[in-house]
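Coordinates as given in target21.txt (compact mmCIF, C-alpha atoms):
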```
# COMPACT_ATOMS: atom_id res chain seq x y z
CA MET A 10 42.62 28.84 17.41
CA ALA A 11 39.40 27.57 15.85
CA THR A 12 38.42 24.43 13.98
CA GLU A 13 35.27 24.13 11.90
CA GLY A 14 33.02 21.14 11.29
CA SER A 15 29.43 20.30 10.48
CA LEU A 16 26.75 17.98 11.82
CA GLU A 17 23.59 16.89 9.99
CA LEU A 18 20.63 15.83 12.14
CA SER A 19 17.82 13.42 11.25
CA ASN A 20 15.39 16.22 10.44
CA THR A 21 17.84 17.68 7.88
CA THR A 22 18.76 20.54 10.22
CA VAL A 23 22.40 21.47 9.65
CA LEU A 24 24.52 22.64 12.56
CA ASN A 25 27.79 24.45 11.98
CA LEU A 26 30.24 23.66 14.76
CA TYR A 27 33.06 26.01 15.66
CA THR A 28 35.50 24.88 18.39
CA TYR A 29 37.62 27.54 20.09
CA ASN A 30 40.56 26.82 22.39
CA THR A 31 41.12 29.66 24.86
CA SER A 32 44.41 30.66 26.52
CA LYS A 33 43.32 29.03 29.78
CA GLY A 34 42.84 25.66 28.11
CA VAL A 35 39.06 25.80 28.16
CA THR A 36 37.32 24.60 25.01
CA MET A 37 34.27 26.60 23.91
CA LEU A 38 31.79 25.13 21.40
CA LEU A 39 29.80 27.59 19.32
CA ILE A 40 26.78 26.14 17.46
CA ILE A 41 25.18 28.12 14.64
CA LEU A 42 21.83 26.77 13.50
CA ASP A 43 20.84 26.98 9.84
CA VAL A 44 17.35 28.39 10.46
CA GLY A 45 16.56 28.54 6.75
CA ALA A 46 16.84 24.76 6.39
CA VAL A 47 14.46 24.25 9.32
CA VAL A 48 11.86 26.60 7.87
CA VAL A 49 12.06 25.07 4.38
CA PHE A 50 11.77 21.55 5.76
CA ARG A 51 8.77 22.40 7.91
CA VAL A 52 6.96 24.22 5.09
CA PHE A 53 7.61 21.28 2.75
CA ASN A 54 6.41 18.82 5.39
CA ILE A 55 3.19 20.81 6.00
CA LEU A 56 2.42 21.13 2.28
CA LEU A 57 3.09 17.45 1.60
CA SER A 58 1.33 15.93 4.60
CA THR A 59 -1.70 18.19 4.76
CA PHE A 60 -2.34 19.65 1.31
CA VAL A 61 -0.89 17.26 -1.30
CA ILE A 62 -1.84 14.01 0.44
CA GLY A 63 -5.22 15.44 1.41
CA VAL A 64 -6.14 16.52 -2.13
CA ILE A 65 -4.98 13.23 -3.71
CA SER A 66 -6.86 11.24 -1.06
CA LEU A 67 -10.07 13.18 -1.67
CA MET A 68 -9.78 12.52 -5.41
CA GLY A 69 -9.20 8.83 -4.73
CA LEU A 70 -12.13 8.83 -2.32
CA MET A 71 -14.53 10.08 -5.00
CA SER A 72 -13.20 7.73 -7.68
CA ASN A 73 -13.47 4.70 -5.39
CA ILE A 74 -17.05 5.57 -4.47
CA ALA A 75 -17.92 5.78 -8.19
CA THR A 76 -16.15 2.46 -8.82
CA ILE A 77 -18.04 0.76 -5.98
CA VAL A 78 -21.39 2.03 -7.31
CA VAL A 79 -20.64 0.72 -10.81
CA LEU A 80 -19.21 -2.65 -9.76
CA SER A 81 -22.01 -3.33 -7.28
CA HIS A 82 -24.31 -3.75 -10.31
CA GLN A 83 -21.88 -6.11 -12.11
CA VAL A 84 -21.25 -8.85 -9.56
CA ASN A 85 -22.21 -11.61 -11.99
CA LYS A 86 -18.53 -12.08 -12.88
CA SER A 87 -15.90 -13.33 -10.47
CA ILE A 88 -13.25 -10.80 -11.47
CA ASN A 89 -15.68 -7.91 -10.87
CA ILE A 90 -16.23 -9.14 -7.31
CA VAL A 91 -12.47 -8.98 -6.68
CA PHE A 92 -12.39 -5.49 -8.21
CA LEU A 93 -15.23 -4.52 -5.86
CA GLY A 94 -13.25 -5.76 -2.86
CA LEU A 95 -10.22 -3.80 -4.05
CA ALA A 96 -12.34 -0.66 -4.43
CA ILE A 97 -13.73 -1.04 -0.90
CA SER A 98 -10.24 -1.56 0.51
CA GLY A 99 -8.97 1.44 -1.46
CA LEU A 100 -11.85 3.53 -0.14
CA CYS A 101 -10.82 2.71 3.43
CA VAL A 102 -7.20 3.61 2.63
CA ASN A 103 -8.30 6.97 1.20
CA ILE A 104 -10.48 7.74 4.22
CA LEU A 105 -7.55 7.08 6.53
CA SER A 106 -5.26 9.14 4.28
CA VAL A 107 -7.62 12.08 4.64
CA TRP A 108 -7.63 11.53 8.39
CA TYR A 109 -3.81 11.40 8.28
CA SER A 110 -3.80 14.88 6.72
CA VAL A 111 -6.12 16.10 9.47
CA THR A 112 -3.93 14.65 12.21
CA CYS A 113 -0.84 16.21 10.63
CA GLY A 114 -2.66 19.54 10.80
CA ILE A 115 -3.33 18.89 14.48
CA LYS A 116 0.36 18.12 14.99
CA GLU A 117 1.44 21.39 13.37
CA THR A 118 -1.10 23.59 15.16
CA THR A 119 -0.71 21.87 18.56
CA PRO A 120 -4.15 22.81 19.96
CA PRO A 121 -4.26 23.62 23.68
CA ASN A 122 -5.34 20.95 26.15
CA PHE A 123 -4.90 18.23 23.53
CA PRO A 124 -4.58 15.03 25.63
CA PHE A 125 -2.36 13.08 23.18
CA GLU A 126 1.21 13.46 22.07
CA PRO A 127 0.69 14.48 18.39
CA LEU A 128 3.02 11.97 16.73
CA SER A 129 1.68 9.09 18.82
CA PHE A 130 -1.85 10.15 17.93
CA ILE A 131 -1.00 10.05 14.22
CA VAL A 132 0.58 6.61 14.47
CA MET A 133 -2.18 4.99 16.52
CA THR A 134 -5.18 6.49 14.74
CA ALA A 135 -4.01 6.88 11.13
CA ILE A 136 -0.80 5.05 10.22
CA ILE A 137 -1.42 1.69 11.94
CA PRO A 138 -5.05 1.24 10.78
CA LYS A 139 -4.04 2.31 7.27
CA THR A 140 -1.62 -0.62 7.10
CA PHE A 141 -4.57 -2.98 7.67
CA PHE A 142 -6.28 -1.97 4.44
CA VAL A 143 -3.03 -1.55 2.49
CA ASN A 144 -2.14 -5.19 3.21
CA SER A 145 -5.68 -6.33 2.40
CA SER A 146 -5.36 -4.55 -0.96
CA CYS A 147 -2.08 -6.38 -1.54
CA TRP A 148 -3.64 -9.80 -1.04
CA LEU A 149 -6.73 -8.94 -3.08
CA THR A 150 -4.37 -7.92 -5.88
CA ALA A 151 -2.70 -11.32 -5.55
CA LEU A 152 -6.12 -13.01 -5.73
CA MET A 153 -6.98 -11.01 -8.85
CA ALA A 154 -3.69 -12.04 -10.48
CA ILE A 155 -4.28 -15.71 -9.61
CA ILE A 156 -7.79 -15.72 -11.10
CA ARG A 157 -6.66 -14.08 -14.34
CA CYS A 158 -3.64 -16.38 -14.55
CA LEU A 159 -5.91 -19.42 -14.26
CA CYS A 160 -8.22 -17.92 -16.88
CA VAL A 161 -5.29 -17.98 -19.30
CA VAL A 162 -3.81 -21.33 -18.25
CA LEU A 163 -7.06 -23.26 -17.52
CA PRO A 164 -9.79 -21.36 -19.39
CA PHE A 165 -12.34 -24.19 -19.20
CA LYS A 166 -11.93 -24.95 -15.49
CA VAL A 167 -11.64 -21.51 -13.91
CA GLY A 168 -15.39 -20.91 -14.19
CA VAL A 169 -16.03 -24.02 -12.10
CA LEU A 170 -13.33 -23.26 -9.54
CA PHE A 171 -14.23 -19.58 -9.07
CA THR A 172 -17.99 -19.18 -9.21
CA PRO A 173 -19.34 -15.73 -8.23
CA ARG A 174 -20.52 -17.05 -4.85
CA ARG A 175 -17.18 -18.70 -4.06
CA THR A 176 -15.25 -15.66 -5.23
CA ALA A 177 -17.36 -13.34 -3.06
CA PHE A 178 -16.80 -15.54 -0.02
CA LEU A 179 -13.06 -15.79 -0.76
CA THR A 180 -12.65 -12.06 -1.46
CA PHE A 181 -14.36 -10.71 1.63
CA GLY A 182 -13.09 -13.57 3.80
CA LEU A 183 -9.54 -12.68 2.78
CA PHE A 184 -10.28 -8.99 3.30
CA PHE A 185 -11.44 -9.44 6.92
CA PHE A 186 -8.83 -12.11 7.72
CA VAL A 187 -5.91 -9.87 6.75
CA ILE A 188 -7.38 -6.94 8.69
CA PHE A 189 -7.84 -9.16 11.76
CA CYS A 190 -4.26 -10.47 11.59
CA TYR A 191 -2.69 -7.01 11.35
CA SER A 192 -5.06 -5.50 13.92
CA THR A 193 -3.15 -7.48 16.56
CA ALA A 194 -0.70 -4.56 16.43
CA TYR A 195 -2.94 -2.89 19.02
CA PHE A 196 -2.08 -5.69 21.43
CA ARG A 197 1.58 -4.67 21.13
CA ASN A 198 0.99 -0.90 21.15
CA GLU A 199 -1.08 1.14 23.54
CA PHE A 200 -1.47 4.66 24.92
CA VAL A 201 0.26 5.32 28.22
CA LEU A 202 -0.34 8.47 30.29
CA VAL A 203 2.98 10.22 30.92
CA SER A 204 3.47 13.30 33.07
CA PHE A 205 5.58 16.22 31.77
CA PRO A 206 6.51 18.54 34.67
CA GLU A 207 8.16 21.09 32.38
CA VAL A 208 4.80 21.86 30.73
CA ASN A 209 2.70 20.92 33.75
CA ALA A 210 0.61 18.45 31.74
CA SER A 211 0.04 14.73 31.25
CA LEU A 212 -0.15 13.35 27.71
CA TYR A 213 -0.99 9.95 26.26
CA ILE A 214 2.00 8.52 24.37
CA ALA A 215 2.04 5.39 22.19
CA VAL A 216 4.28 2.73 23.70
CA GLU A 217 5.22 -0.59 22.10
CA LEU A 218 4.96 -3.37 24.64
CA SER A 219 7.56 -6.10 24.25
CA LYS A 220 6.32 -9.69 24.37
CA GLY A 221 9.83 -11.07 24.45
CA GLU A 222 12.65 -10.97 21.92
CA VAL A 223 11.63 -14.21 20.20
CA ILE A 224 7.98 -13.20 19.78
CA ASP A 225 8.85 -9.66 18.69
CA ASN A 226 11.31 -10.87 16.04
CA THR A 227 8.90 -13.54 14.82
CA VAL A 228 6.07 -11.03 14.45
CA TYR A 229 8.33 -8.57 12.65
CA TYR A 230 9.88 -10.98 10.14
CA LEU A 231 6.62 -12.83 9.54
CA GLY A 232 4.31 -9.82 9.23
CA PHE A 233 6.62 -7.29 7.57
CA VAL A 234 9.16 -9.39 5.66
CA ALA A 235 8.02 -12.93 4.82
CA VAL A 236 4.32 -12.39 4.11
CA PRO A 237 4.79 -9.26 1.91
CA LEU A 238 7.56 -11.00 -0.05
CA ILE A 239 5.37 -14.07 -0.62
CA ASN A 240 2.59 -11.76 -1.78
CA MET A 241 4.98 -9.99 -4.17
CA LEU A 242 6.34 -13.26 -5.58
CA ILE A 243 2.83 -14.59 -6.24
CA ILE A 244 1.89 -11.44 -8.14
CA ILE A 245 5.13 -11.38 -10.15
CA PHE A 246 4.82 -15.08 -11.07
CA CYS A 247 1.17 -14.81 -12.12
CA THR A 248 1.86 -11.65 -14.14
CA LEU A 249 4.74 -13.29 -16.02
CA VAL A 250 2.64 -16.35 -16.79
CA MET A 251 -0.19 -14.16 -18.10
CA VAL A 252 2.12 -12.17 -20.35
CA ILE A 253 3.78 -15.28 -21.79
CA ARG A 254 0.53 -17.15 -22.42
CA VAL A 255 -1.27 -14.17 -23.93
CA ARG A 256 1.60 -13.57 -26.36
CA ALA A 257 1.63 -17.26 -27.30
CA SER A 258 -2.15 -17.18 -27.87
CA VAL A 259 -1.90 -14.10 -30.10
CA ASN A 260 0.87 -15.67 -32.18
CA TRP A 261 -1.12 -18.89 -32.58
CA ARG A 262 -4.22 -17.02 -33.77
CA ASN A 263 -2.20 -14.99 -36.24
CA ASN A 264 -0.57 -18.12 -37.66
CA ALA A 265 -3.91 -19.95 -37.86
CA GLN A 266 -5.58 -17.07 -39.69
CA HIS A 267 -2.74 -16.39 -42.12
CA GLY A 268 -3.16 -17.86 -45.60
CA LYS A 269 -6.54 -19.55 -45.02
CA SER A 270 -9.98 -18.86 -46.45
CA PHE A 271 -13.18 -19.42 -44.51
CA SER A 272 -16.80 -19.91 -45.44
CA LYS A 273 -19.34 -17.36 -44.25
CA GLU A 274 -20.38 -19.58 -41.33
CA LYS A 275 -16.78 -20.12 -40.27
CA GLN A 276 -16.05 -16.43 -40.71
CA LEU A 277 -18.92 -15.53 -38.36
CA VAL A 278 -17.67 -18.02 -35.78
CA PHE A 279 -14.12 -16.75 -36.17
CA VAL A 280 -15.18 -13.09 -35.83
CA SER A 281 -17.29 -13.88 -32.74
CA GLY A 282 -14.42 -15.81 -31.18
CA ARG A 283 -12.00 -13.03 -32.05
CA GLU A 284 -14.24 -10.43 -30.38
CA SER A 285 -14.51 -12.57 -27.25
CA SER A 286 -10.76 -13.10 -27.30
CA THR A 287 -10.21 -9.36 -27.70
CA LYS A 288 -12.30 -8.66 -24.59
CA GLU A 289 -10.34 -11.25 -22.64
CA ARG A 290 -7.04 -9.77 -23.82
CA ARG A 291 -8.15 -6.29 -22.82
CA LEU A 292 -9.13 -7.53 -19.36
CA THR A 293 -5.83 -9.37 -19.06
CA LYS A 294 -3.91 -6.25 -20.12
CA MET A 295 -5.76 -4.22 -17.49
CA VAL A 296 -4.88 -6.77 -14.80
CA VAL A 297 -1.25 -6.82 -15.98
CA THR A 298 -1.17 -3.01 -15.82
CA LEU A 299 -2.63 -2.98 -12.28
CA THR A 300 -0.23 -5.64 -11.04
CA THR A 301 2.75 -3.88 -12.68
CA VAL A 302 1.85 -0.60 -10.95
CA PHE A 303 1.46 -2.52 -7.69
CA ILE A 304 4.88 -4.17 -8.08
CA VAL A 305 6.64 -0.89 -8.90
CA CYS A 306 5.01 0.98 -6.00
CA ASN A 307 5.43 -1.73 -3.35
CA MET A 308 8.86 -3.09 -4.22
CA PRO A 309 10.78 -0.24 -2.44
CA ASN A 310 8.63 -0.67 0.67
CA ASN A 311 9.30 -4.41 0.80
CA LEU A 312 13.01 -3.98 0.21
CA ALA A 313 13.18 -1.41 3.01
CA TYR A 314 12.08 -4.02 5.54
CA VAL A 315 14.60 -6.59 4.33
CA HIS A 316 17.87 -5.64 5.98
CA PRO A 317 20.93 -7.74 6.79
```
If you took the structure in this file and wrote it as structure tokens, what would it be?
Amino acid sequence: MATEGSLELSNTTVLNLYTYNTSKGVTMLLIILDVGAVVVFRVFNILLSTFVIGVISLMGLMSNIATIVVLSHQVNKSINIVFLGLAISGLCVNILSVWYSVTCGIKETTPPNFPFEPLSFIVMTAIIPKTFFVNSSCWLTALMAIIRCLCVVLPFKVGVLFTPRRTAFLTFGLFFFVIFCYSTAYFRNEFVLVSFPEVNASLYIAVELSKGEVIDNTVYYLGFVAVPLINMLIIIFCTLVMVIRVRASVNWRNNAQHGKSFSKEKQLVFVSGRESSTKERRLTKMVVTLTTVFIVCNMPNNLAYVHP
């Protein structure tokens, strides 16, 4: 007599289980491995982690370098300084993404005499440092949204509050502060040399060192739940305020212009003001677009960390 079942493992490998009861009362378990699923998963993983991510990262690397070169000559405006900080942070993310593709290639090829466990090597040298610059980009995006929001709400005071010098100090101070805060992850993770008798080798494996349940939980919920959610709420709030105020400004200008005649002098002033307003609206639309893309891309990541 035989009964059939199935088991799905974490790496999407499907095992077909067949249980046989013999005449002597001994149960025999026959496991048939779906080799095709393993091969497809590994090929997909290699293509995604080494080729697709590598190509996209190289393209981002070149575009960020071009952006940095252009913005470095336009630091007379506060918003351009924030854009420059974002480009530098994005450049670091792309460099580490390229390195991630390289380390994934190392993991798949498993070179001989490699002293590190491949997955631990990827985490410690690519994934963890990448989070430093990803989080710095998040807070620079929040700073950009705040500046543009104040430009719409307090157009005559924002130039005094955010001078180019103050903005440069705030941008790069925030950049290094966020990196420093998240770099403390290396105090909780380190390489430990572990001996493997079955392969007659010793490999360095990444181990997370517990500092106590209270400290571990505080670090997790503060660094991966509370702070990212605060960052997201700031960006959402500033984006909504910008959209509402820009629409109200456009409606007011349309109503003021409708049904009125101007002299030539007033027409010149109105046209000049309209051109300046158009530039501001375009800049605001660009910031709204960037923050919207940021919200859409980061919302799933933030929700994944928030669990009951």
With a distance cut-off of 7 Å and only C-alpha atoms, select the neighbouring residues of stretch 125-133 of chain A, excluding the residue or stretch itself and same-chain residues fewer than 3 positions from it, and output the selection as a list in words.
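What passes the distance filter is Tyr109, Thr112, Lys116, Ile136, Ile137, Leu212, Tyr213, Ile214 and Ala215 of chain A.
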Which residues are near A:Ile304? Cut-off 12 Å, all atoms listed in the file, ignore same chain within fewer than 6 positions. Put them as a VMD selection string.
chain A and resid 147 150 to 151 154 237 to 238 240 to 248 297 to 298 310 to 312
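Taking atom CA of A:Tyr195 as the reference point, atom CA of A:Tyr229 is found at 14.1 Å.
One finds atom CA of A:Ser192 at 19.8 Å from atom CA of A:Val223.
Rounded to one decimal, atom CA of A:Ile62 and atom CA of A:Val102 lie 11.9 Å from each other.
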Which residue out of A:Val52, A:Ala210, A:Ile253, A:Val187 has the minimum interatomic distance to A:Gly232 when all atoms listed in the file are used?
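Using all atoms listed in the file, the shortest distance to A:Gly232 belongs to A:Val187.
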Could you work out an axis-aligned box for stretch 187-202 of chain A, taking every atom the file lists and adding 3 Å on each side, and report centre and edge lengths in Å to one decimal, as AutoDock Vina command-line options?
```
--center_x -3.1 --center_y -1.0 --center_z 18.5 --size_x 15.4 --size_y 24.9 --size_z 29.5
```
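Comparing the minimum interatomic distances between A:Ser258 and each of A:Val162, A:Leu179, A:Gly63, A:Ile224, counting all atoms listed in the file, we find that A:Val162 sits nearest.
Each of A:Met295, A:Leu149, A:Leu163, A:Val169 was checked against A:Phe186 using only C-alpha atoms; the smallest atom-to-atom distance is that of A:Leu149.
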Counting only C-alpha atoms, closest pick from A:Asn73, A:Thr300, A:Thr227, A:Asn85 relative to A:Thr172 is A:Asn85
Using all atoms listed in the file, pick whichever of A:Pro173, A:Phe165, A:Leu218, A:Pro309 has the shortest atom-to-atom distance to A:Gln83.
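Checking each of A:Pro173, A:Phe165, A:Leu218, A:Pro309 against A:Gln83, counting all atoms listed in the file, the winner is A:Pro173.
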